[in-house]
Amino acid sequence: MPRRVDALTSSTLKHLREHWWDDAFTAFVKETLQPRPGRRILDIGCGTGTAEVQLSRLRLTQVELFAVDILAERVSAALTHTRAHNMNAHFAAADACKLPFGDASFDSVFCVAVLQHIGEVASAVAEMARVLRPGGRVVAVEPDNAARFFYSSVDEGRIAHDAASRFFSALAQARGDATDPSVGPHLATLFTRHGIELLNVELFPVSVAKLGAPSDDLWSARRASVQAEIDRAPDEAIRRLGHDYLKTLNRYAAAASAAGPAFVEIQNTLLFATVGQRTE
């Protein structure tokens, strides 16, 4: 699958499981979680069940897989998705900061691109440690949204990127979003603070390079994504900011088209896969 990132449509990485999870990452998860017979594994923030389907292809035997997501509709979609692939997993709607499981319930816990959306990351890490058995493994994969790289060969790209940053920052502030944009690199410190011994931090690049003028479909998708955020904006001032951003995005599209084969756009960030083990 392509690994995608677009700072012009969101200040965080979205749909990472669907767009990013591939066979190589499945192998990484298997190696780090050590899913042996008789073990119980918890997926926090399962979304529509991408991880469960990918892990099922490993033909794990006698492994109990549990998964939670804060949105009930995603839990329902995950259940439908996994049943379509003839696999068995247990699903529930639950908050990562208040897991509905007893202490030391699981041999392994993992989450991917979930903590970037949580204000109280320390509470979520504490819950991971609580439900892990002594010696149990935990894997958390999160981006550094504060260090996303954006380059465009035309000036209008830089202007559009700046306008996007202002719009998304205003949205986050209005919604009371107190999440940590650099949660990825901060996880190692949080693990050690909550009794999780660090075993490894592996970096995965998430990047895209566009060479030559992008298709009209890309610009249409970008406009639609921004318009959806404008429609959900909580006040008129932010909506005006969004409409101003759309104007700069349209100018960027025109400049990219005019540049033709000489146009270049590069975006990149890193995912931090932090692996730990609960101490005795």
# chains A, B, ... in the order shown; residues from 1 in each chain; ligands from 1

call {"tool": "select_by_dssp", "arguments": {"residues": "segment 35-248 of chain A", "states": "helix (DSSP H, G or I)", "output": "number ranges by chain"}}
result
A: 50-56, 72-84, 115-117, 121-131, 145-147, 155-174, 183-193, 216-232, 236-248

call {"tool": "closest_atom_pairs", "arguments": {"of": "segment 7-112 of chain A", "to": "segment 215-230 of chain A", "cutoff": "10 Å", "atoms": "only C-alpha atoms", "output": "JSON lines"}}
result
{"residue": "A:Leu8", "atom": "CA", "partner": "A:Arg222", "partner_atom": "CA", "distance": 7.2}
{"residue": "A:Thr9", "atom": "CA", "partner": "A:Val226", "partner_atom": "CA", "distance": 6.0}
{"residue": "A:Ser10", "atom": "CA", "partner": "A:Val226", "partner_atom": "CA", "distance": 8.3}

call {"tool": "write_last_selection", "arguments": {"atoms": "C-alpha atoms", "output": "PDB file, in the first residue's frame"}}
result
ATOM      1  CA  LEU A   8      -2.907  20.383   3.159  1.00  0.00           C
ATOM      2  CA  THR A   9      -5.903  18.383   4.373  1.00  0.00           C
ATOM      3  CA  SER A  10      -5.135  17.667   8.033  1.00  0.00           C
TER       4      SER A  10
END

call {"tool": "closest_atom_pairs", "arguments": {"of": "segment 8-106 of chain A", "to": "segment 184-205 of chain A", "cutoff": "10 Å", "atoms": "only C-alpha atoms", "output": "CSV"}}
result
residue,atom,partner,partner_atom,distance
A:Phe25,CA,A:Phe204,CA,9.3
A:Phe28,CA,A:Glu202,CA,9.8
A:Thr32,CA,A:Asn200,CA,9.3

call {"tool": "write_last_selection", "arguments": {"atoms": "N, CA and C atoms", "output": "PDB file, in the first residue's frame"}}
result
ATOM      1  N   PHE A  25       4.897  -4.372   7.888  1.00  0.00           N
ATOM      2  CA  PHE A  25       4.544  -3.910   9.222  1.00  0.00           C
ATOM      3  C   PHE A  25       3.857  -5.020  10.010  1.00  0.00           C
ATOM      4  N   PHE A  28       6.525  -6.958  11.474  1.00  0.00           N
ATOM      5  CA  PHE A  28       7.119  -6.232  12.606  1.00  0.00           C
ATOM      6  C   PHE A  28       6.270  -6.420  13.861  1.00  0.00           C
ATOM      7  N   THR A  32       7.392  -8.265  17.395  1.00  0.00           N
ATOM      8  CA  THR A  32       7.466  -7.532  18.658  1.00  0.00           C
ATOM      9  C   THR A  32       6.433  -7.999  19.677  1.00  0.00           C
TER      10      THR A  32
END

call {"tool": "residues_around", "arguments": {"residues": "Asn268 of chain A", "least_positions_apart": "3", "cutoff": "7 Å", "atoms": "only C-alpha atoms", "output": "PyMOL selection string"}}
result
chain A and resi 5+148-150+206-208

call {"tool": "closest_atom_pairs", "arguments": {"of": "segment 126-226 of chain A", "to": "segment 248-264 of chain A", "cutoff": "10 Å", "atoms": "only C-alpha atoms", "output": "Markdown table"}}
result
| residue | atom | partner | partner_atom | distance |
| --- | --- | --- | --- | --- |
| A:Tyr151 | CA | A:Val264 | CA | 7.9 |
| A:Ser152 | CA | A:Val264 | CA | 5.7 |
| A:Ser153 | CA | A:Val264 | CA | 5.2 |
| A:Val154 | CA | A:Ala255 | CA | 6.9 |
| A:Asp155 | CA | A:Tyr252 | CA | 8.2 |
| A:Glu156 | CA | A:Tyr252 | CA | 4.8 |
| A:Gly157 | CA | A:Tyr252 | CA | 5.6 |
| A:Arg158 | CA | A:Tyr252 | CA | 8.8 |
| A:Ile159 | CA | A:Thr248 | CA | 7.0 |
| A:Ala160 | CA | A:Thr248 | CA | 5.3 |
| A:His161 | CA | A:Leu249 | CA | 8.6 |
| A:Asp162 | CA | A:Thr248 | CA | 9.7 |
| A:Ala163 | CA | A:Thr248 | CA | 7.4 |
| A:Ala164 | CA | A:Leu249 | CA | 8.7 |
| A:Ala209 | CA | A:Val264 | CA | 7.2 |
| A:Lys210 | CA | A:Val264 | CA | 5.6 |
| A:Leu211 | CA | A:Val264 | CA | 4.8 |
| A:Gly212 | CA | A:Pro261 | CA | 4.1 |
| A:Ala213 | CA | A:Gly260 | CA | 4.9 |
| A:Pro214 | CA | A:Ala256 | CA | 7.4 |
| A:Ser215 | CA | A:Ser257 | CA | 8.8 |
| A:Asp216 | CA | A:Ala253 | CA | 8.6 |
| A:Leu218 | CA | A:Ala253 | CA | 9.5 |
| A:Trp219 | CA | A:Ala253 | CA | 6.7 |
| A:Ser220 | CA | A:Ala253 | CA | 9.8 |
| A:Arg222 | CA | A:Leu249 | CA | 8.5 |
| A:Arg223 | CA | A:Leu249 | CA | 7.7 |
| A:Val226 | CA | A:Leu249 | CA | 9.7 |

call {"tool": "closest_residue", "arguments": {"among": "A:Ser123, A:Thr80, A:Phe272, A:Ala147", "to": "Cys97 of chain A", "atoms": "only C-alpha atoms"}}
result
A:Ser123

call {"tool": "atom_distance", "arguments": {"atom1": "atom CA of Ser76 of chain A", "atom2": "atom CA of Ser56 of chain A"}}
result
18.1 Å

call {"tool": "atom_distance", "arguments": {"atom1": "atom CA of Glu120 of chain A", "atom2": "atom CA of Ile238 of chain A"}}
result
25.7 Å

call {"tool": "closest_residue", "arguments": {"among": "A:Val75, A:Leu42, A:Val112, A:Ala172", "to": "Thr26 of chain A", "atoms": "only C-alpha atoms"}}
result
A:Val112

call {"tool": "select_by_dssp", "arguments": {"residues": "segment 24-171 of chain A", "states": "strand (DSSP E or B)", "output": "ChimeraX atom specification"}}
result
/A:40-44,64-69,90-93,95,98,106-112,132-143,149-152

call {"tool": "residues_around", "arguments": {"residues": "Ala96 of chain A", "least_positions_apart": "6", "cutoff": "10 Å", "atoms": "only C-alpha atoms", "output": "number ranges by chain"}}
result
A: 44-45, 68-70, 111, 114-115, 118, 120-121, 123-128

call {"tool": "atom_distance", "arguments": {"atom1": "atom CA of Ala24 of chain A", "atom2": "atom CA of Ala113 of chain A"}}
result
17.1 Å
